[in-house]
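A.B. asks: Encoded as C-alpha cells, here's the structure I'll be asking about.
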Amino acid sequence: MTQRRSGPWSIAVLLLILGLVVTACTGATTTTPQQPAADQADPNGELITNAGGEPDTIDPNKASFQSEIAVILSVYEGLMTLDPATLKPMPATAAKDPDISADGLTWKVTLQPGLKYSDGSPLTAANYAYGFTRTCDPATAGDYAFVLYTIVGCEEWNGMDVKKATKAELDAAKAKLGVKANSATEIQFTLKEAAPYFKSILYMWVGMPVRESDVTKGGDKWTEPATYIGNGPFKMTEWKHNEKFVFERNDNYRKPAKLKKWTRVMINEGAVAFAAYRNNELDVTGVAAEDIRTVEGDAELKAQVQDVGSLATFYYGFNVTKPPFDDNNLRLAFAKSFDRTAYMRDVQKIGKPAEGGFIPPGMPGYDATDTTQKFDLTEAKKLFDAAKPASKDALKGLKFTYSSSARTKTRVEWVTQQWKTAFGVDIALDPVDRTAYTALVKKPETTPQLFSLGWIADFPDQQNWLTTVWISKSGVSGSRTGYNNPEFDRLVKAADKEPDAKKRDDTYLQAGKILSKDAPAAWIYYDATKYLKKPWVKGVVNSSSDAVLGQFKMAEIFVTKKG
Amino acid sequence: MLVCVLGYNSRSMLKYTIRRLLLMVPTLFFVALITFSLAHAAPGGPFDKNENKRLPQQIEDNLTRYYGLDEPLPQQFLLYLRNAARLDFGTSIQRNRSVNEIIAQGLPVTVQLGVQALLLALLVALPLGIVSALKQNSGVDYGSLFLATIGTTIPSFVIAILFIYIFGVWLRLLPFVGWGDGLDVRRMIMPTVILALPGAAFLTRITRASMLEALGQDYVRTARGKGLREGTVIVRHALKNALIPVATIVGPATAGLITGSFIIETLFSIPGIGRLYIISINARDYPIIMATTLLYAFLIVIANLSVDLVYGVLDPRIKVGS
C-alpha cells in the first residue's frame, strides 16, 4: 500500500474547520430589522417568548412552579393583584379592599359587578368559592394547599386520606371549611387567627375562579384549551405539548389586552434560546451569567438588556445541632469572612450582594441597616478565635454539600477558597445529584454540616420569609438547620397576628436582626433577573415577583407595527 | 409476508420467530423488575423537585398516600405488573396525565427522527463504504475516513450548536426550534443529519472493512476468473456477504438511535420521548421511567429479532431456527 502524502490536504481541511469555528464563536451579528420611530401599538400585535419547558400542570389548584404560574395568571385573574412596584396587594376583580372584622377572623370580599369569563358567561362569588375550596380538597392533592391553611377547616380537610375516609367524613370536613359565597358578589373567609398577610395570599393562583362545569366536563383533561376557560387578560387557544402555547386576547376581560396573540415556545436549552433571539425567532430571552460577555460586547444587544430584581435570597446553611457549627461565633465568623461584592462581580454576576439581612430589597421588611453579617475579615478572625475549641476541632474533614452542576461547583470552589485564606480550613467539596440533594436537605437528621440553598417568596410578606422559613422546629429551614431561638419565635408569632402595620413591620425588623446575628445561615446574595427584549416590545412593567413577562400588567404589553 | 420472502427455511423461521417473541415476556419481566428496583433505590423521590422550594411535610405525606407510594414496594410492583398486562401504565406523577397518552404523543416523533436518521446513515454509509473499499487509498477513501473520524470523535452537541449558529443564525437557512408536524423538511434536516452522523461514520468504516474482506476472498477471485462482469461480482457475490457484519450493527444502532436521541431532542426542542425519559429519571417519575424502559426493551428485542431474520436472507447457509 503506497503512502499518500497527506500534508497539504490535512492543513487545508484544518484551516477550513478553524475558519468555521472562529466565525461561529465570534458571534453572528444580530440584524434587527429597522423599526419606525412611532410607538404605535399594533392592534394585531403578536409576541413570541420562551416558556422554557413543558409545565407539569397548569391546574391552578395544583400548581407550584414559575412556568405553571405564568400560564395560570395569563388566563385567570384573582380577587387581588399586586402593585408591581411596591408588591402591596390591590383589588383586581374585587371592588375594593376586603372588609376585615375587628378580631381579624372574618374577611368579606365584594366583587365588581358585570364580571365575565372569556366565553361570555357571568363570573360570580360562587366561582371563587369553588376555586378556593378545590385547593383545600384532599382529592386535588395540590402542592400549594398549605398557603390556605390559615382558613378554618382547610388543613384538617386537606390532611384526610381520600382512600380511607368515608364520603360522609369528607363531606363533613368540607362543610366546616371557612369559605362561603354569601351572595353573587360577596365571598366570605373565616380564618383561624388574625393574619394580615392573607391579603397578599388573595392574589395567588390557588384562589383563581376555576369553573366547576369545566372541571366536570374535562375531567383529567380539563386543563386542555377547550375547557380551560378563565377571566384573565388572555385565553389559551392552543397547547401543543412539549412544543408551545398560544394565547389570544380575551375580549371579555375587564380592560382588553393590547396584544392580539402571544405564542410561548418551549426551548429548554439557554444557548438555543439565545440563538433564536438573535435570529428574531424570539422577542424576549433570559441572559445567563455565561452570556454576559457576549451581550456586553455587542452594542445592539447591550441596549436591549433589562434588569429586574427577584424575590429570592441564597445562603450557605449550617447544621447548628452538631459541631463545628453549633458555635455561634464560628458561624458568624464564616458569614463575615467572604467578600460578597467580589463574589457577585467575578462569579455570580447577576444579582446583588446580600448586605441587609435575609429579606431581599423589593420586599416589605427589607432591612438595609442590618449589617451584622457584613464582610469584615478582622472581625471574622476575632470571632473565630473566640469560638469553642471543640467546635474548631470539628472543622477537620468539613464537607460542603451542594446540588451537583458545573456552575454551582465554580461558586462553591470560590467560597471554600475564601474560607481557606481566612482561617486555614480545608473544606472538601461534596456534590450530590439534585433530587438526592433535595431529599437530604429536607430532614434535620440528614442535613449536611454545610450546604447551599435559596428561598423564593410564595407571596410578598415578611411572614413568608421570617416565620415560614426560620421558626424553630416547623420552619422550612428552621427545622433542617435545627435553629431554635425562643426570642425569635416569640417575636415572629406576635408580628404574624399584629393588626397595626407599623408595629408589625418593626417587630419583624427586630426579629430579622436577631436572625442575622444568630447566623443559622450566611446570606450570600439577592437574586435578580437579566433578560433581553426586542425594541418593538413595549409597555412591559417589570416586578420582582414576575413568573412571566410584565406579570401584573400583562394587558399593557404591546408590540409596535413591524416596518 | 416475511415468510414468503424468505422462502427456503420458512417454516422453521416462523417457529423461530414465535419462540423469540415468547421469550420476550420473561425478558421484559426482568427488565421491569430491575428498573423498578433501581428507580426506587435512587435517593430522593418525585416530590423532591426543587431544593429551594421544599414541600411542607403534610403536603408531601398527602401526595405520597395519594399516589400509592407509601405501600410496601413488592406490593407496588405487583400492582404495576397487573396493570401493565392490561396495557395500563398508570399516571405520570410529574405531569398528571396518563402515561399512555404522554408516550403516544412523543413516540411517533422520536421514531420518525430515528428512522430518518437511520435511513440517511445507511444511504450515505453503504455507498461510501463500498466505494472506499473499491477505490482504496483514493481521494474518496480519505474523504470518507475524514468524515468518519469527525462523526465519531466530535460530540453531537458540539456539532449541533455549530450547525445551529452557522445554518440557523448566520446563514438563516434552516429553522432549529421544534419539530413542526413531522412534514416540515427544513426544520427536520439539522436534527436528522446530526443524529445520523455518528451512526453513518461508524457504518462507513464497518462497510468498508467488511467489503475489503469480502473482496479478498477466494470466491471473488473465482467469480472474476469465470469472466463475470465486475458489477455482478460486487453486487451478487461480495456485497451480500459484506453486509452481514453491517446487519449485526444495524440492529443495536437502531435501538441506539431511538434511545440516544435525547441530546438532539433537547437542543432542538423536539417533543420526543428521549428527552422525556431523562427528565423523568431526574424527577423520579416512576410510571414514566417504567413504561419508557419497557418500551425501549421491547424495541430492542424486536430490532434484534429482525436482524436475525435478515441474516437468513443474506446468507442461506445461516440456518435461522435450528
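We name chains A, B, ... following the order of the C-alpha cells; residues begin at 1 in each chain, and ligands are numbered from 1 as shown.
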Please extract the residues of range 124-264 of chain B with a backbone DSSP assignment of alpha helix (DSSP H) and present them as a PyMOL selection string.

C.D. replies: chain B and resi 124-134+139-153+156-163+185-215+218-226+230-232+240-259+262-264

A.B. asks: Write out as a JSON list (two decimals) with N, CA and C atoms, in the first residue's frame each polymer residue whose atoms come within 8 Å of range 45-54 of chain A, counting only C-alpha atoms; drop sequence neighbours fewer than 4 positions from it.

C.D. replies:
[["chain", "number", "residue", "atom", "x", "y", "z"],
["A", 41, "ALA", "N", -49.17, 51.09, 18.88],
["A", 41, "ALA", "CA", -49.42, 49.69, 19.19],
["A", 41, "ALA", "C", -50.08, 49.03, 17.99],
["A", 67, "SER", "N", -43.20, 28.26, 35.80],
["A", 67, "SER", "CA", -43.69, 28.01, 34.46],
["A", 67, "SER", "C", -45.19, 27.75, 34.47],
["A", 241, "HIS", "N", -48.35, 19.97, 23.37],
["A", 241, "HIS", "CA", -47.49, 19.51, 24.45],
["A", 241, "HIS", "C", -46.03, 19.43, 24.05],
["A", 242, "ASN", "N", -45.18, 19.93, 24.97],
["A", 242, "ASN", "CA", -43.73, 19.93, 24.77],
["A", 242, "ASN", "C", -43.29, 20.83, 23.62],
["A", 243, "GLU", "N", -44.24, 21.59, 23.03],
["A", 243, "GLU", "CA", -43.84, 22.41, 21.91],
["A", 243, "GLU", "C", -44.16, 23.88, 22.11],
["A", 244, "LYS", "N", -45.43, 24.20, 22.36],
["A", 244, "LYS", "CA", -45.75, 25.62, 22.53],
["A", 244, "LYS", "C", -47.14, 25.83, 23.09],
["A", 258, "LYS", "N", -53.66, 44.72, 24.99],
["A", 258, "LYS", "CA", -53.26, 45.37, 23.74],
["A", 258, "LYS", "C", -52.75, 44.36, 22.73],
["A", 259, "LEU", "N", -52.17, 43.27, 23.22],
["A", 259, "LEU", "CA", -51.67, 42.25, 22.32],
["A", 259, "LEU", "C", -52.82, 41.42, 21.77],
["A", 260, "LYS", "N", -52.69, 41.01, 20.50],
["A", 260, "LYS", "CA", -53.73, 40.13, 19.96],
["A", 260, "LYS", "C", -53.36, 38.67, 20.25],
["A", 261, "LYS", "N", -52.06, 38.38, 20.11],
["A", 261, "LYS", "CA", -51.66, 36.97, 20.22],
["A", 261, "LYS", "C", -50.32, 36.87, 20.94],
["A", 262, "TRP", "N", -50.16, 35.83, 21.77],
["A", 262, "TRP", "CA", -48.90, 35.63, 22.49],
["A", 262, "TRP", "C", -48.55, 34.15, 22.39],
["A", 263, "THR", "N", -47.49, 33.87, 21.65],
["A", 263, "THR", "CA", -47.04, 32.49, 21.50],
["A", 263, "THR", "C", -45.88, 32.25, 22.44],
["A", 264, "ARG", "N", -45.90, 31.14, 23.16],
["A", 264, "ARG", "CA", -44.78, 30.80, 24.03],
["A", 264, "ARG", "C", -44.27, 29.43, 23.62],
["A", 265, "VAL", "N", -43.06, 29.41, 23.06],
["A", 265, "VAL", "CA", -42.46, 28.15, 22.63],
["A", 265, "VAL", "C", -41.76, 27.51, 23.83],
["A", 266, "MET", "N", -41.33, 26.28, 23.66],
["A", 266, "MET", "CA", -40.68, 25.57, 24.78],
["A", 266, "MET", "C", -39.27, 25.15, 24.39],
["A", 267, "ILE", "N", -38.35, 26.08, 24.55],
["A", 267, "ILE", "CA", -36.93, 25.78, 24.27],
["A", 267, "ILE", "C", -36.24, 25.56, 25.60],
["A", 268, "ASN", "N", -35.71, 24.33, 25.82],
["A", 268, "ASN", "CA", -35.09, 24.05, 27.12],
["A", 268, "ASN", "C", -33.70, 24.62, 27.26],
["A", 273, "ALA", "N", -32.05, 29.14, 22.97],
["A", 273, "ALA", "CA", -32.98, 30.27, 23.08],
["A", 273, "ALA", "C", -32.27, 31.56, 22.70],
["A", 281, "GLU", "N", -36.38, 34.93, 16.19],
["A", 281, "GLU", "CA", -37.45, 33.96, 16.37],
["A", 281, "GLU", "C", -38.09, 34.10, 17.74],
["A", 282, "LEU", "N", -37.41, 34.85, 18.63],
["A", 282, "LEU", "CA", -37.96, 35.11, 19.96],
["A", 282, "LEU", "C", -37.87, 36.61, 20.19],
["A", 283, "ASP", "N", -38.88, 37.17, 20.88],
["A", 283, "ASP", "CA", -38.84, 38.60, 21.17],
["A", 283, "ASP", "C", -38.18, 38.90, 22.50],
["A", 284, "VAL", "N", -38.12, 37.89, 23.36],
["A", 284, "VAL", "CA", -37.58, 38.08, 24.71],
["A", 284, "VAL", "C", -36.80, 36.82, 25.06],
["A", 285, "THR", "N", -35.67, 36.95, 25.72],
["A", 285, "THR", "CA", -34.98, 35.76, 26.22],
["A", 285, "THR", "C", -34.16, 36.10, 27.46],
["A", 537, "VAL", "N", -40.99, 45.59, 21.43],
["A", 537, "VAL", "CA", -41.88, 45.15, 22.52],
["A", 537, "VAL", "C", -41.91, 46.25, 23.56],
["A", 558, "PHE", "N", -47.48, 45.72, 24.53],
["A", 558, "PHE", "CA", -47.85, 45.79, 23.11],
["A", 558, "PHE", "C", -46.60, 45.73, 22.25],
["A", 559, "VAL", "N", -46.81, 45.40, 20.98],
["A", 559, "VAL", "CA", -45.70, 45.43, 20.02],
["A", 559, "VAL", "C", -46.04, 46.49, 18.98],
["A", 560, "THR", "N", -45.00, 47.22, 18.56],
["A", 560, "THR", "CA", -45.25, 48.26, 17.56],
["A", 560, "THR", "C", -45.33, 47.60, 16.19],
["A", 561, "LYS", "N", -45.94, 48.33, 15.26],
["A", 561, "LYS", "CA", -46.11, 47.77, 13.92],
["A", 561, "LYS", "C", -44.73, 47.50, 13.33]]

A.B. asks: Got a sec: who's within 7 Å of range 88-105 of chain A, counting only C-alpha atoms, leaving out chain neighbours fewer than 2 positions off, as a ChimeraX atom specification?

C.D. replies: /A:78-83,86,107-112,190-195,199-200

A.B. asks: Check which residues of chain B sit at most 6 Å from chain A using only C-alpha atoms, and return one row each with the closest pair of atoms and their distance in Å to one decimal, ordered by chain and rising number, as CSV.

C.D. replies:
residue,atom,partner,partner_atom,distance
B:Pro43,CA,A:Ala436,CA,5.0
B:Gly44,CA,A:Ala436,CA,4.5
B:Asp48,CA,A:Thr438,CA,5.3
B:Glu51,CA,A:Thr438,CA,4.5
B:Asn52,CA,A:Gly454,CA,5.1
B:Gln94,CA,A:Asp56,CA,5.7
B:Arg95,CA,A:Asp56,CA,4.4
B:Val169,CA,A:Asn279,CA,5.3
B:Trp170,CA,A:Ala28,CA,5.5
B:Leu267,CA,A:Glu269,CA,6.0
B:Ser269,CA,A:Ile267,CA,5.3
B:Pro271,CA,A:Asn242,CA,5.1

A.B. asks: Just write the chosen residues, C-alpha atoms, as a PDB file, in the first residue's frame.

C.D. replies:
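As a result, out_12.pdb now contains:
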ATOM      1  CA  PRO B  43     -32.162   8.546  46.738  1.00  0.00           C
ATOM      2  CA  GLY B  44     -34.913  11.133  46.617  1.00  0.00           C
ATOM      3  CA  ASP B  48     -38.074  16.396  45.750  1.00  0.00           C
ATOM      4  CA  GLU B  51     -34.234  22.120  46.686  1.00  0.00           C
ATOM      5  CA  ASN B  52     -35.190  25.751  47.323  1.00  0.00           C
ATOM      6  CA  GLN B  94     -44.896  14.796  37.419  1.00  0.00           C
ATOM      7  CA  ARG B  95     -47.322  15.644  34.641  1.00  0.00           C
ATOM      8  CA  VAL B 169     -28.332  32.258  12.897  1.00  0.00           C
ATOM      9  CA  TRP B 170     -25.606  33.237  10.453  1.00  0.00           C
ATOM     10  CA  LEU B 267     -31.123  21.013  21.771  1.00  0.00           C
ATOM     11  CA  SER B 269     -36.676  21.310  21.450  1.00  0.00           C
ATOM     12  CA  PRO B 271     -41.090  16.799  21.718  1.00  0.00           C
TER      13      PRO B 271
END

A.B. asks: Which residues, written as number ranges by chain, have at least one atom at most 12 Å from His237 in chain B, with only C-alpha atoms counted and residues fewer than 6 positions away on the same chain left out?

C.D. replies: B: 211, 214-224, 228-231, 243, 314-315

A.B. asks: List the neighbours of Leu330 in chain A out to 10 Å using only C-alpha atoms; skip same-chain residues closer than 5 positions along the sequence, and give me the result as a list of chain:residue names.

C.D. replies: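 So, after excluding close chain neighbours, the residues are A:Pro323, A:Pro324, A:Phe325, A:Ala335, A:Lys336, A:Ala380, A:Lys381, A:Lys382, A:Leu383, A:Phe384, A:Asp385, A:Ala386, A:Ala387, A:Lys388, A:Ser391, A:Lys392, A:Leu395, A:Ala519.
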
A.B. asks: Just N, CA and C atoms for this one: save the residues we selected as a tab-separated table (two decimals), in the first residue's frame.

C.D. replies:
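Okay, part22.tsv is ready:
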chain	number	residue	atom	x	y	z
A	323	PRO	N	-21.28	19.97	66.13
A	323	PRO	CA	-20.04	20.67	65.80
A	323	PRO	C	-19.73	20.44	64.33
A	324	PRO	N	-19.06	21.35	63.70
A	324	PRO	CA	-18.49	22.59	64.24
A	324	PRO	C	-19.47	23.75	64.36
A	325	PHE	N	-20.63	23.65	63.65
A	325	PHE	CA	-21.43	24.88	63.57
A	325	PHE	C	-22.46	25.01	64.68
A	335	ALA	N	-19.65	33.71	58.23
A	335	ALA	CA	-20.53	34.62	57.49
A	335	ALA	C	-19.83	35.92	57.13
A	336	LYS	N	-18.89	36.33	57.98
A	336	LYS	CA	-18.28	37.63	57.76
A	336	LYS	C	-16.95	37.54	57.01
A	380	ALA	N	-14.07	38.92	61.64
A	380	ALA	CA	-14.27	37.49	61.45
A	380	ALA	C	-13.20	36.68	62.17
A	381	LYS	N	-11.96	37.12	62.06
A	381	LYS	CA	-10.88	36.39	62.70
A	381	LYS	C	-11.02	36.44	64.22
A	382	LYS	N	-11.47	37.59	64.72
A	382	LYS	CA	-11.67	37.70	66.18
A	382	LYS	C	-12.73	36.70	66.63
A	383	LEU	N	-13.81	36.64	65.86
A	383	LEU	CA	-14.89	35.72	66.22
A	383	LEU	C	-14.39	34.28	66.16
A	384	PHE	N	-13.59	33.98	65.15
A	384	PHE	CA	-13.05	32.64	65.00
A	384	PHE	C	-12.22	32.26	66.24
A	385	ASP	N	-11.38	33.20	66.68
A	385	ASP	CA	-10.56	32.92	67.85
A	385	ASP	C	-11.40	32.70	69.08
A	386	ALA	N	-12.53	33.43	69.15
A	386	ALA	CA	-13.39	33.32	70.34
A	386	ALA	C	-14.22	32.05	70.34
A	387	ALA	N	-14.23	31.32	69.26
A	387	ALA	CA	-15.09	30.12	69.19
A	387	ALA	C	-14.55	29.00	70.08
A	388	LYS	N	-15.47	28.08	70.45
A	388	LYS	CA	-15.09	26.96	71.33
A	388	LYS	C	-14.06	26.06	70.63
A	391	SER	N	-15.47	22.96	68.90
A	391	SER	CA	-16.10	23.19	67.60
A	391	SER	C	-15.06	23.39	66.52
A	392	LYS	N	-14.00	24.11	66.87
A	392	LYS	CA	-12.97	24.37	65.87
A	392	LYS	C	-12.31	23.05	65.44
A	395	LEU	N	-13.79	21.17	62.66
A	395	LEU	CA	-13.67	21.71	61.31
A	395	LEU	C	-12.84	20.79	60.41
A	519	ALA	N	-27.09	33.76	62.98
A	519	ALA	CA	-26.45	33.18	61.78
A	519	ALA	C	-26.62	31.67	61.62

A.B. asks: Run DSSP on the backbone and give me the residues of range 358-500 of chain A it puts in strand (DSSP E), as a list in words.

C.D. replies: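 These are the residues in question: Lys399, Phe400, Thr401, Tyr402, Ser403, Ala428, Leu429, Asp430, Pro431, Val432, Leu450, Phe451, Ser452, Leu453, Gly454, Trp455 and Ile456 of chain A.
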